[in-house]
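Reviewing the structure listed below.
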Amino acid sequence: MRFVIRAYDALVSSMAFVSALMLVWLMVSVIVSVAMRNLGIQPFAWLFTSSEYAILYMTMLGAPWLVRKRGHVHIELVTAALPEDLRAIVSRGVALACVIVSAILAWKGLDLFLTNVERNDYDVRAYFFPRWILTISFPICFSIMAIEFARFVFGPDLMHSGEAGIHD
Amino acid sequence: MEWFEALAVLLGSIVVLMALGMPVALAFLAANIIGAWIFMGGERGIVQLLNNGLGSLTKFALVPIPLFLLMGEIFFHTGLGGRMFNAIDRLLGRLPGRLSYVTVLGGTGFSTLSGSSMGSTALLGSLMVPEMNARGYKKHMSIGPILGTGGLAIIIPPSALAVLLATLAQIDVGGLLIAGVIPGLILAALYIATIWLQTRLDPHAAPAYDVERQSIGAKLLLVLRDVVPMVGVMVIIVAMMIGGIVTPSEAAAFGALGVLILAAAFRCLTWEALKKSVTGALRVTLMAYLIVFGSATFSQLLAFSGASSGLIKWATSFDLAPTLMLLAMFCVLLVLGMFMEQISMMLLTVPIFFPLATSLGFDPIWFGLIMLLALEISFTTPPFGLLLFVMKGVAPPSTTMRDIYVSAIPFILCSLVLVALLIMFPPLATWLPSR
């Protein structure tokens, strides 16, 4: 069991690492294409397309890590006003609602991914790109997000600190 | 379902979930799921939500957000920002109110690049207020300028929030960024005039104190070494955008590269700083992008359910003058600013306000700029503006809410003067982008 947890933690961290690499790639791809243009060379079309896709992958791979870091901005009004016991209940309830939202999106994301594979759908930009390579990020991202939120439902830590204000 | 019921379901679910403490992006997605289920045909609606999200999140126009943020993070984690701050501080010498000016100049730089007024208010509040108190400054001379910098930061490029607003409203990103230049300079001038006036009216408000005298040569060296390169990067990218030489995405990428090169040149580019910078930029970007992910569906839902057209029809049925309608929208933002941060305010209001603005015949770029100003003003307006409470949290314990209110008012007035000027002379915003 411990091995599974360690492997899972490593998965979330490595997804976040790839997400960070995507951010850096955005900068590099734009600079390279401008440099090529100024040297009188036609920039590779894939530079442009790759940065568009990088935005999607960056978001989907980084979102679960942000849940773990409690980095998703939330407002503490109600939870701050409640006594501790009740706050724990509300906080776990809100986390459960987040699990449900993420799980629905993971489930329908899987549907979309399977449909894309089955129909052989393509994303048409500068290139024809199999659409499932993009939509596969939905079930992965949202199911891991659901697991991360579930840690706040069942685990020892709460999502809310009890201090009034906006937190990120 | 009537349009107002649809509107109540869509907006009500977001507001309730957010108030309960659900993360903003998740509350937005939850409302989208509920709305898609009701108005877009159950399960199919949710698949549509994901397809829309894919379309919204693979847009090149989104590139400047993380890169502007990265630029700011590198600027501050490598210590380049602090260097510039110190240099400006030393250059101003014995000027009365010196630290207030430093706060406006340095603080604007900081909050422009940090993309979060709350973060920069917290940082500047904990850094500058104790220092200024120790120097005998009255509270309003330290707290006011800090609260003011956010308003300036949100409109002048490189403002990540301006890029987000333009993306959500589907208006020209570069246009909105450039439109902020002249109003930004006017607002900076108004702030400086306010501080000057305050020190004239009450010379004890910000007592001058002895500082080490600098020779002309030393000052020149400070300017050339610690101010020109940092300000230069920003000026160059803005100038290139205005000149149409680069797109906002390219300007952002070169801005980040420029700051990286500067950090390397000053030998302060460490792995640790780089890691912190990328992580910092990533945190804000991920939240903003997850909201963008749901934004297309949210606008569609407002349209499909008849909520936006119903609301527009209702609002325009009063036959009010466009300026009054503008004021009404302004008031809505003021109310929202009491309990939400700017990105949430944008996601709730953009899909309604922009179509309304178009139907009233407003120029979208001009309206975008007014909206950015309103977002920031709402944040600092007594009695409930959120930044006021952030400031209360970080200022020395003797600071009362009244101190903070009194400090904020002159700077809010400056922003309101700017809004009035923009209403009277729209070319202040529209001239530069239309060139």
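As shown in the structure tokens, the chain order sets the letters A, B, ...; within each chain, residues go from 1, and ligands are also counted from 1 in the order they appear.
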Using only C-alpha atoms and a cut-off of 8 Å, which residues of chain B sit close to chain A? Please list them as a tab-separated table (two decimals) with all heavy atoms, in the first residue's frame.
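This is the output file iface39.tsv:
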chain	number	residue	atom	x	y	z
B	18	MET	N	-19.32	29.40	-3.86
B	18	MET	CA	-18.13	30.17	-3.51
B	18	MET	C	-18.19	30.62	-2.07
B	18	MET	O	-17.20	30.58	-1.35
B	18	MET	CB	-17.97	31.37	-4.45
B	18	MET	CG	-17.03	31.05	-5.58
B	18	MET	SD	-16.89	32.27	-6.88
B	18	MET	CE	-17.01	33.78	-6.11
B	19	ALA	N	-19.36	31.06	-1.64
B	19	ALA	CA	-19.50	31.53	-0.26
B	19	ALA	C	-19.28	30.39	0.73
B	19	ALA	O	-18.74	30.60	1.82
B	19	ALA	CB	-20.88	32.14	-0.05
B	20	LEU	N	-19.64	29.18	0.32
B	20	LEU	CA	-19.42	28.03	1.21
B	20	LEU	C	-17.94	27.65	1.29
B	20	LEU	O	-17.55	26.85	2.14
B	20	LEU	CB	-20.22	26.83	0.71
B	20	LEU	CG	-21.71	26.83	1.05
B	20	LEU	CD1	-22.40	25.66	0.37
B	20	LEU	CD2	-21.92	26.74	2.56
B	21	GLY	N	-17.14	28.21	0.38
B	21	GLY	CA	-15.70	27.93	0.44
B	21	GLY	C	-15.22	27.00	-0.64
B	21	GLY	O	-14.10	26.50	-0.58
B	22	MET	N	-16.05	26.75	-1.65
B	22	MET	CA	-15.57	25.91	-2.76
B	22	MET	C	-14.56	26.71	-3.57
B	22	MET	O	-14.76	27.91	-3.78
B	22	MET	CB	-16.75	25.48	-3.65
B	22	MET	CG	-16.38	24.42	-4.66
B	22	MET	SD	-17.76	23.98	-5.73
B	22	MET	CE	-18.23	22.41	-5.08
B	23	PRO	N	-13.46	26.10	-4.02
B	23	PRO	CA	-12.52	26.85	-4.85
B	23	PRO	C	-13.25	27.49	-6.04
B	23	PRO	O	-14.15	26.86	-6.63
B	23	PRO	CB	-11.54	25.79	-5.32
B	23	PRO	CG	-11.58	24.75	-4.26
B	23	PRO	CD	-12.99	24.75	-3.75
B	24	VAL	N	-12.86	28.73	-6.35
B	24	VAL	CA	-13.57	29.51	-7.36
B	24	VAL	C	-13.74	28.75	-8.68
B	24	VAL	O	-14.83	28.67	-9.23
B	24	VAL	CB	-12.80	30.84	-7.60
B	24	VAL	CG1	-13.38	31.59	-8.77
B	24	VAL	CG2	-12.85	31.68	-6.34
B	25	ALA	N	-12.64	28.15	-9.16
B	25	ALA	CA	-12.70	27.46	-10.44
B	25	ALA	C	-13.67	26.28	-10.40
B	25	ALA	O	-14.41	26.02	-11.35
B	25	ALA	CB	-11.31	26.99	-10.85
B	26	LEU	N	-13.69	25.59	-9.26
B	26	LEU	CA	-14.59	24.43	-9.12
B	26	LEU	C	-16.05	24.87	-9.04
B	26	LEU	O	-16.94	24.23	-9.59
B	26	LEU	CB	-14.21	23.63	-7.88
B	26	LEU	CG	-13.22	22.46	-8.02
B	26	LEU	CD1	-13.88	21.30	-8.74
B	26	LEU	CD2	-11.95	22.84	-8.75
B	29	LEU	N	-17.12	25.54	-12.45
B	29	LEU	CA	-17.35	24.30	-13.20
B	29	LEU	C	-18.64	23.63	-12.73
B	29	LEU	O	-19.40	23.09	-13.55
B	29	LEU	CB	-16.17	23.34	-13.03
B	29	LEU	CG	-14.92	23.69	-13.83
B	29	LEU	CD1	-13.75	22.79	-13.45
B	29	LEU	CD2	-15.18	23.59	-15.33
B	30	ALA	N	-18.91	23.67	-11.42
B	30	ALA	CA	-20.13	23.06	-10.89
B	30	ALA	C	-21.35	23.76	-11.49
B	30	ALA	O	-22.30	23.08	-11.94
B	30	ALA	CB	-20.14	23.17	-9.37
B	33	ILE	N	-21.80	22.63	-14.95
B	33	ILE	CA	-22.37	21.27	-15.06
B	33	ILE	C	-23.89	21.34	-14.84
B	33	ILE	O	-24.65	20.78	-15.63
B	33	ILE	CB	-21.72	20.32	-14.02
B	33	ILE	CG1	-20.26	20.07	-14.41
B	33	ILE	CG2	-22.47	19.00	-13.94
B	33	ILE	CD1	-19.50	19.21	-13.43
B	43	GLU	N	-26.44	14.77	-20.23
B	43	GLU	CA	-25.06	14.31	-20.36
B	43	GLU	C	-24.35	14.91	-21.57
B	43	GLU	O	-23.17	15.22	-21.52
B	43	GLU	CB	-25.04	12.78	-20.48
B	43	GLU	CG	-25.35	12.08	-19.18
B	43	GLU	CD	-25.32	10.57	-19.34
B	43	GLU	OE1	-24.54	10.08	-20.18
B	43	GLU	OE2	-26.09	9.88	-18.65
B	46	ILE	N	-22.63	18.09	-20.91
B	46	ILE	CA	-21.35	18.07	-20.21
B	46	ILE	C	-20.21	17.74	-21.17
B	46	ILE	O	-19.11	18.29	-21.08
B	46	ILE	CB	-21.41	17.08	-19.02
B	46	ILE	CG1	-22.48	17.59	-18.04
B	46	ILE	CG2	-20.07	17.01	-18.30
B	46	ILE	CD1	-22.85	16.63	-16.97
B	47	VAL	N	-20.51	16.84	-22.13
B	47	VAL	CA	-19.49	16.56	-23.16
B	47	VAL	C	-19.21	17.85	-23.93
B	47	VAL	O	-18.06	18.18	-24.25
B	47	VAL	CB	-19.95	15.44	-24.10
B	47	VAL	CG1	-18.97	15.26	-25.24
B	47	VAL	CG2	-20.11	14.14	-23.32
B	50	LEU	N	-16.87	20.02	-22.09
B	50	LEU	CA	-15.46	19.63	-22.24
B	50	LEU	C	-14.93	20.03	-23.61
B	50	LEU	O	-13.79	20.49	-23.73
B	50	LEU	CB	-15.33	18.11	-22.03
B	50	LEU	CG	-15.58	17.63	-20.60
B	50	LEU	CD1	-15.84	16.14	-20.56
B	50	LEU	CD2	-14.40	17.98	-19.70
B	54	LEU	N	-11.86	22.56	-24.39
B	54	LEU	CA	-10.71	22.26	-25.26
B	54	LEU	C	-10.47	23.41	-26.23
B	54	LEU	O	-9.34	23.87	-26.41
B	54	LEU	CB	-11.00	20.96	-26.03
B	54	LEU	CG	-9.89	20.49	-26.96
B	54	LEU	CD1	-8.76	19.89	-26.17
B	54	LEU	CD2	-10.41	19.45	-27.94
B	57	LEU	N	-9.13	26.55	-24.35
B	57	LEU	CA	-7.79	26.44	-23.75
B	57	LEU	C	-6.70	26.18	-24.76
B	57	LEU	O	-5.54	26.01	-24.39
B	57	LEU	CB	-7.78	25.30	-22.73
B	57	LEU	CG	-8.03	25.68	-21.27
B	57	LEU	CD1	-7.64	24.54	-20.36
B	57	LEU	CD2	-7.31	26.93	-20.85
B	58	THR	N	-7.04	26.11	-26.03
B	58	THR	CA	-5.96	25.94	-27.01
B	58	THR	C	-5.92	27.17	-27.89
B	58	THR	O	-5.89	27.08	-29.11
B	58	THR	CB	-6.18	24.66	-27.86
B	58	THR	OG1	-7.54	24.64	-28.28
B	58	THR	CG2	-5.91	23.41	-27.07
B	59	LYS	N	-5.92	28.33	-27.25
B	59	LYS	CA	-5.89	29.59	-27.98
B	59	LYS	C	-4.57	30.30	-27.72
B	59	LYS	O	-4.19	30.51	-26.56
B	59	LYS	CB	-7.03	30.49	-27.53
B	59	LYS	CG	-8.35	30.15	-28.17
B	59	LYS	CD	-9.27	31.35	-28.17
B	59	LYS	CE	-10.62	30.97	-28.74
B	59	LYS	NZ	-11.67	31.10	-27.77
B	60	PHE	N	-3.94	30.71	-28.78
B	60	PHE	CA	-2.63	31.36	-28.67
B	60	PHE	C	-2.73	32.67	-27.88
B	60	PHE	O	-1.77	33.09	-27.22
B	60	PHE	CB	-2.10	31.62	-30.07
B	60	PHE	CG	-0.64	31.95	-30.09
B	60	PHE	CD1	0.30	30.99	-29.76
B	60	PHE	CD2	-0.21	33.22	-30.41
B	60	PHE	CE1	1.65	31.29	-29.77
B	60	PHE	CE2	1.14	33.53	-30.42
B	60	PHE	CZ	2.07	32.56	-30.10
B	62	LEU	N	-3.89	33.25	-25.20
B	62	LEU	CA	-3.72	33.08	-23.74
B	62	LEU	C	-2.25	33.09	-23.32
B	62	LEU	O	-1.96	33.16	-22.13
B	62	LEU	CB	-4.34	31.75	-23.30
B	62	LEU	CG	-5.86	31.64	-23.31
B	62	LEU	CD1	-6.27	30.20	-23.06
B	62	LEU	CD2	-6.45	32.53	-22.23
B	63	VAL	N	-1.35	32.98	-24.30
B	63	VAL	CA	0.07	32.84	-23.97
B	63	VAL	C	0.62	33.96	-23.08
B	63	VAL	O	1.42	33.69	-22.18
B	63	VAL	CB	0.89	32.69	-25.28
B	63	VAL	CG1	2.38	32.82	-25.03
B	63	VAL	CG2	0.58	31.36	-25.93
B	66	PRO	N	0.76	33.55	-18.55
B	66	PRO	CA	1.84	32.97	-17.74
B	66	PRO	C	3.17	33.68	-17.96
B	66	PRO	O	3.98	33.76	-17.03
B	66	PRO	CB	1.93	31.52	-18.23
B	66	PRO	CG	1.23	31.49	-19.53
B	66	PRO	CD	0.21	32.57	-19.51
B	67	LEU	N	3.38	34.21	-19.15
B	67	LEU	CA	4.70	34.79	-19.42
B	67	LEU	C	4.87	36.16	-18.75
B	67	LEU	O	5.94	36.48	-18.25
B	67	LEU	CB	4.95	34.87	-20.93
B	67	LEU	CG	4.99	33.49	-21.61
B	67	LEU	CD1	5.38	33.61	-23.07
B	67	LEU	CD2	5.94	32.54	-20.89
B	249	SER	N	1.73	38.19	-27.17
B	249	SER	CA	2.40	36.95	-26.77
B	249	SER	C	3.91	37.07	-26.95
B	249	SER	O	4.69	36.64	-26.10
B	249	SER	CB	1.91	35.77	-27.62
B	249	SER	OG	0.52	35.69	-27.54
B	250	GLU	N	4.30	37.66	-28.07
B	250	GLU	CA	5.73	37.81	-28.33
B	250	GLU	C	6.36	38.79	-27.35
B	250	GLU	O	7.46	38.56	-26.84
B	250	GLU	CB	5.95	38.27	-29.78
B	250	GLU	CG	5.59	37.19	-30.77
B	250	GLU	CD	5.43	37.69	-32.20
B	250	GLU	OE1	5.55	38.92	-32.43
B	250	GLU	OE2	5.17	36.86	-33.07
B	253	ALA	N	6.88	36.95	-24.12
B	253	ALA	CA	8.00	36.00	-24.16
B	253	ALA	C	9.33	36.75	-24.10
B	253	ALA	O	10.24	36.35	-23.37
B	253	ALA	CB	7.92	35.15	-25.43
B	254	PHE	N	9.43	37.84	-24.85
B	254	PHE	CA	10.69	38.58	-24.83
B	254	PHE	C	10.89	39.33	-23.52
B	254	PHE	O	12.02	39.52	-23.08
B	254	PHE	CB	10.78	39.52	-26.04
B	254	PHE	CG	11.27	38.78	-27.25
B	254	PHE	CD1	10.39	38.23	-28.15
B	254	PHE	CD2	12.63	38.58	-27.44
B	254	PHE	CE1	10.83	37.50	-29.23
B	254	PHE	CE2	13.10	37.85	-28.51
B	254	PHE	CZ	12.19	37.31	-29.42
B	256	ALA	N	9.98	38.15	-20.60
B	256	ALA	CA	10.50	37.14	-19.68
B	256	ALA	C	11.96	36.83	-19.98
B	256	ALA	O	12.79	36.74	-19.08
B	256	ALA	CB	9.65	35.87	-19.76
B	257	LEU	N	12.27	36.72	-21.28
B	257	LEU	CA	13.67	36.46	-21.66
B	257	LEU	C	14.56	37.61	-21.23
B	257	LEU	O	15.66	37.41	-20.70
B	257	LEU	CB	13.76	36.26	-23.18
B	257	LEU	CG	15.16	36.00	-23.73
B	257	LEU	CD1	15.65	34.62	-23.28
B	257	LEU	CD2	15.19	36.07	-25.25
B	278	VAL	N	8.95	29.94	-11.61
B	278	VAL	CA	8.08	29.13	-12.46
B	278	VAL	C	6.88	28.63	-11.64
B	278	VAL	O	5.73	28.68	-12.08
B	278	VAL	CB	8.85	27.95	-13.09
B	278	VAL	CG1	7.90	27.04	-13.86
B	278	VAL	CG2	9.93	28.47	-14.03
B	279	THR	N	7.15	28.19	-10.40
B	279	THR	CA	6.06	27.69	-9.56
B	279	THR	C	5.05	28.79	-9.28
B	279	THR	O	3.84	28.57	-9.36
B	279	THR	CB	6.62	27.16	-8.21
B	279	THR	OG1	7.73	26.35	-8.49
B	279	THR	CG2	5.59	26.35	-7.46
B	282	LEU	N	3.03	29.53	-12.29
B	282	LEU	CA	2.17	28.39	-12.59
B	282	LEU	C	0.90	28.43	-11.72
B	282	LEU	O	-0.20	28.17	-12.19
B	282	LEU	CB	2.94	27.09	-12.34
B	282	LEU	CG	2.37	25.82	-12.96
B	282	LEU	CD1	2.29	25.93	-14.46
B	282	LEU	CD2	3.22	24.62	-12.58
B	283	ARG	N	1.07	28.76	-10.45
B	283	ARG	CA	-0.08	28.75	-9.52
B	283	ARG	C	-1.19	29.68	-10.00
B	283	ARG	O	-2.35	29.30	-10.04
B	283	ARG	CB	0.36	29.18	-8.12
B	283	ARG	CG	1.12	28.14	-7.37
B	283	ARG	CD	1.61	28.71	-6.06
B	283	ARG	NE	0.61	28.56	-5.03
B	283	ARG	CZ	0.76	27.77	-3.98
B	283	ARG	NH1	1.85	27.08	-3.83
B	283	ARG	NH2	-0.19	27.67	-3.07
B	286	LEU	N	-2.66	28.52	-13.55
B	286	LEU	CA	-3.54	27.34	-13.55
B	286	LEU	C	-4.96	27.71	-13.14
B	286	LEU	O	-5.94	27.26	-13.74
B	286	LEU	CB	-2.99	26.27	-12.61
B	286	LEU	CG	-1.74	25.54	-13.11
B	286	LEU	CD1	-1.23	24.59	-12.05
B	286	LEU	CD2	-2.02	24.80	-14.40
B	287	MET	N	-5.06	28.56	-12.11
B	287	MET	CA	-6.38	28.95	-11.67
B	287	MET	C	-7.10	29.74	-12.77
B	287	MET	O	-8.25	29.48	-13.10
B	287	MET	CB	-6.27	29.79	-10.42
B	287	MET	CG	-7.62	30.33	-10.05
B	287	MET	SD	-7.53	31.76	-9.04
B	287	MET	CE	-9.17	32.38	-9.23
B	289	TYR	N	-6.56	29.69	-15.97
B	289	TYR	CA	-6.86	28.86	-17.14
B	289	TYR	C	-8.03	27.91	-16.88
B	289	TYR	O	-8.81	27.60	-17.77
B	289	TYR	CB	-5.63	28.06	-17.57
B	289	TYR	CG	-4.65	28.85	-18.39
B	289	TYR	CD1	-4.88	30.20	-18.67
B	289	TYR	CD2	-3.51	28.28	-18.91
B	289	TYR	CE1	-3.98	30.94	-19.43
B	289	TYR	CE2	-2.60	29.00	-19.67
B	289	TYR	CZ	-2.85	30.33	-19.92
B	289	TYR	OH	-1.96	31.04	-20.67
B	290	LEU	N	-8.12	27.41	-15.64
B	290	LEU	CA	-9.24	26.52	-15.32
B	290	LEU	C	-10.55	27.30	-15.42
B	290	LEU	O	-11.59	26.74	-15.79
B	290	LEU	CB	-9.06	25.93	-13.92
B	290	LEU	CG	-9.48	24.48	-13.75
B	290	LEU	CD1	-8.84	23.57	-14.77
B	290	LEU	CD2	-9.17	23.98	-12.35
B	339	PHE	N	-16.62	40.87	-1.72
B	339	PHE	CA	-16.36	39.49	-1.28
B	339	PHE	C	-15.75	38.60	-2.35
B	339	PHE	O	-15.72	37.39	-2.22
B	339	PHE	CB	-17.62	38.86	-0.69
B	339	PHE	CG	-18.83	38.90	-1.58
B	339	PHE	CD1	-19.11	37.83	-2.40
B	339	PHE	CD2	-19.67	40.00	-1.58
B	339	PHE	CE1	-20.22	37.86	-3.21
B	339	PHE	CE2	-20.78	40.03	-2.39
B	339	PHE	CZ	-21.06	38.97	-3.21
B	340	MET	N	-15.26	39.18	-3.43
B	340	MET	CA	-14.64	38.34	-4.46
B	340	MET	C	-13.35	38.96	-4.91
B	340	MET	O	-13.16	40.16	-4.80
B	340	MET	CB	-15.55	38.28	-5.68
B	340	MET	CG	-16.66	37.34	-5.56
B	340	MET	SD	-17.54	37.33	-7.11
B	340	MET	CE	-19.05	36.64	-6.54
B	341	GLU	N	-12.45	38.13	-5.46
B	341	GLU	CA	-11.27	38.73	-6.08
B	341	GLU	C	-11.55	38.96	-7.57
B	341	GLU	O	-12.59	38.54	-8.08
B	341	GLU	CB	-9.99	37.93	-5.81
B	341	GLU	CG	-10.11	36.45	-5.83
B	341	GLU	CD	-10.45	35.94	-7.18
B	341	GLU	OE1	-9.62	36.11	-8.08
B	341	GLU	OE2	-11.55	35.38	-7.34
> Which neighbours of segment 214-223 of chain B fall inside 10 Å, counting only C-alpha atoms, when residues of the same chain fewer than 2 positions from it are skipped, and could you give them as a VMD selection string?
Replying inline: chain B and resid 83 to 84 86 to 88 90 to 93 211 to 212 225 to 229
Residues as selected, all heavy atoms, written as a tab-separated table (two decimals), in the first residue's frame, can you do that?
chain	number	residue	atom	x	y	z
B	83	ARG	N	16.42	45.60	-6.01
B	83	ARG	CA	17.51	46.47	-6.43
B	83	ARG	C	16.96	47.78	-6.98
B	83	ARG	O	17.45	48.86	-6.65
B	83	ARG	CB	18.22	45.73	-7.57
B	83	ARG	CG	19.69	45.77	-7.51
B	83	ARG	CD	20.24	45.13	-8.77
B	83	ARG	NE	21.54	45.70	-8.98
B	83	ARG	CZ	22.66	45.08	-8.61
B	83	ARG	NH1	22.62	43.90	-8.06
B	83	ARG	NH2	23.82	45.68	-8.80
B	84	MET	N	15.92	47.67	-7.81
B	84	MET	CA	15.33	48.86	-8.41
B	84	MET	C	14.66	49.71	-7.34
B	84	MET	O	14.80	50.94	-7.32
B	84	MET	CB	14.31	48.45	-9.47
B	84	MET	CG	13.84	49.60	-10.33
B	84	MET	SD	12.73	49.03	-11.61
B	84	MET	CE	11.18	49.04	-10.75
B	86	ASN	N	15.42	49.91	-4.17
B	86	ASN	CA	16.46	50.61	-3.39
B	86	ASN	C	17.04	51.79	-4.15
B	86	ASN	O	17.29	52.85	-3.59
B	86	ASN	CB	17.60	49.65	-3.04
B	86	ASN	CG	17.18	48.69	-1.97
B	86	ASN	OD1	16.26	48.98	-1.21
B	86	ASN	ND2	17.82	47.54	-1.92
B	87	ALA	N	17.25	51.58	-5.45
B	87	ALA	CA	17.86	52.64	-6.26
B	87	ALA	C	16.94	53.86	-6.29
B	87	ALA	O	17.38	55.00	-6.09
B	87	ALA	CB	18.13	52.13	-7.67
B	88	ILE	N	15.63	53.62	-6.53
B	88	ILE	CA	14.68	54.74	-6.58
B	88	ILE	C	14.67	55.45	-5.23
B	88	ILE	O	14.71	56.69	-5.15
B	88	ILE	CB	13.26	54.25	-6.95
B	88	ILE	CG1	13.25	53.68	-8.36
B	88	ILE	CG2	12.25	55.38	-6.87
B	88	ILE	CD1	11.93	53.04	-8.77
B	90	ARG	N	17.06	55.70	-3.03
B	90	ARG	CA	18.25	56.53	-2.80
B	90	ARG	C	18.27	57.75	-3.70
B	90	ARG	O	18.76	58.81	-3.34
B	90	ARG	CB	19.50	55.69	-3.00
B	90	ARG	CG	19.72	54.78	-1.77
B	90	ARG	CD	20.63	53.64	-2.06
B	90	ARG	NE	22.00	54.06	-2.35
B	90	ARG	CZ	22.93	53.20	-2.77
B	90	ARG	NH1	22.63	51.93	-2.93
B	90	ARG	NH2	24.13	53.63	-3.03
B	91	LEU	N	17.71	57.59	-4.90
B	91	LEU	CA	17.73	58.71	-5.86
B	91	LEU	C	16.87	59.88	-5.38
B	91	LEU	O	17.17	61.04	-5.68
B	91	LEU	CB	17.23	58.25	-7.22
B	91	LEU	CG	18.21	57.40	-8.01
B	91	LEU	CD1	17.53	56.78	-9.21
B	91	LEU	CD2	19.39	58.26	-8.45
B	92	LEU	N	15.80	59.57	-4.67
B	92	LEU	CA	14.88	60.65	-4.29
B	92	LEU	C	15.42	61.50	-3.14
B	92	LEU	O	14.87	62.56	-2.84
B	92	LEU	CB	13.50	60.07	-3.92
B	92	LEU	CG	12.72	59.49	-5.09
B	92	LEU	CD1	11.40	58.93	-4.63
B	92	LEU	CD2	12.47	60.54	-6.17
B	93	GLY	N	16.48	61.04	-2.47
B	93	GLY	CA	17.16	61.84	-1.46
B	93	GLY	C	16.26	62.35	-0.36
B	93	GLY	O	15.50	61.58	0.23
B	211	VAL	N	19.45	61.49	4.81
B	211	VAL	CA	19.95	60.28	4.16
B	211	VAL	C	21.35	60.60	3.64
B	211	VAL	O	21.70	61.77	3.47
B	211	VAL	CB	19.06	59.84	2.97
B	211	VAL	CG1	17.81	59.17	3.47
B	211	VAL	CG2	18.73	61.00	2.07
B	212	GLU	N	22.07	59.57	3.42
B	212	GLU	CA	23.43	59.74	2.92
B	212	GLU	C	23.39	60.52	1.61
B	212	GLU	O	22.62	60.18	0.71
B	212	GLU	CB	23.97	58.34	2.65
B	212	GLU	CG	25.46	58.22	2.63
B	212	GLU	CD	25.86	56.82	2.17
B	212	GLU	OE1	25.15	55.86	2.54
B	212	GLU	OE2	26.83	56.73	1.42
B	225	ARG	N	22.62	51.75	-13.82
B	225	ARG	CA	22.83	50.35	-13.48
B	225	ARG	C	21.57	49.69	-12.93
B	225	ARG	O	21.24	48.56	-13.30
B	225	ARG	CB	23.96	50.25	-12.45
B	225	ARG	CG	24.49	48.84	-12.25
B	225	ARG	CD	25.41	48.77	-11.08
B	225	ARG	NE	24.71	49.22	-9.87
B	225	ARG	CZ	25.33	49.62	-8.75
B	225	ARG	NH1	26.64	49.66	-8.69
B	225	ARG	NH2	24.63	50.01	-7.70
B	226	ASP	N	20.85	50.39	-12.06
B	226	ASP	CA	19.78	49.72	-11.32
B	226	ASP	C	18.37	50.11	-11.75
B	226	ASP	O	17.40	49.50	-11.31
B	226	ASP	CB	19.91	49.98	-9.81
B	226	ASP	CG	21.11	49.26	-9.23
B	226	ASP	OD1	21.73	48.48	-9.98
B	226	ASP	OD2	21.43	49.47	-8.05
B	227	VAL	N	18.23	51.14	-12.56
B	227	VAL	CA	16.88	51.55	-12.95
B	227	VAL	C	16.65	51.35	-14.45
B	227	VAL	O	15.70	50.67	-14.86
B	227	VAL	CB	16.59	53.02	-12.55
B	227	VAL	CG1	15.19	53.41	-12.98
B	227	VAL	CG2	16.76	53.22	-11.05
B	228	VAL	N	17.57	51.92	-15.25
B	228	VAL	CA	17.36	51.88	-16.71
B	228	VAL	C	17.17	50.46	-17.25
B	228	VAL	O	16.22	50.22	-18.00
B	228	VAL	CB	18.50	52.63	-17.44
B	228	VAL	CG1	18.45	52.39	-18.94
B	228	VAL	CG2	18.40	54.11	-17.13
B	229	PRO	N	18.02	49.49	-16.88
B	229	PRO	CA	17.82	48.17	-17.49
B	229	PRO	C	16.46	47.55	-17.16
B	229	PRO	O	15.80	47.00	-18.04
B	229	PRO	CB	18.94	47.31	-16.88
B	229	PRO	CG	19.92	48.27	-16.33
B	229	PRO	CD	19.17	49.51	-15.97
> For Leu360 of chain B, which residue among B:Ser308, B:Thr399, B:Thr323, B:Ser120 is the nearest when counting only C-alpha atoms?
Replying inline: B:Thr323
>> Can you tell me which residues surround Val238 of chain B at a distance of at most 10 Å, considering only C-alpha atoms, apart from same-chain residues fewer than 2 positions away, and format the answer as a list in words?
In response: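 In the requested format, the answer is Ile156, Pro157, Pro158, Gly174, Leu177, Ile178, Val181, Gly232, Val233, Met234, Val235, Ile236, Met240, Met241, Ile242, Gly243, Gly244, Val246, Pro248, Ala251, Ala252 and Gly255 of chain B.
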>> Write out as an MDAnalysis selection string the set of residues from segment 15-135 of chain A that DSSP, computed on the backbone, places in alpha helix (DSSP H).
In response: chainID A and resid 15:38 45:68 78:81 84:119 132:135
>> Would you pick out the contacts of Pro130 of chain B at 12 Å or less, using only C-alpha atoms, so that residues sharing its chain but fewer than 2 positions from it are not included, and give the list as a ChimeraX atom specification?
In response: /B:99,123-128,132-139,141-143,394-399
> atom CA of Val284 of chain B and atom CA of Phe75 of chain B, how far apart in Å?
Replying inline: 16.1 Å
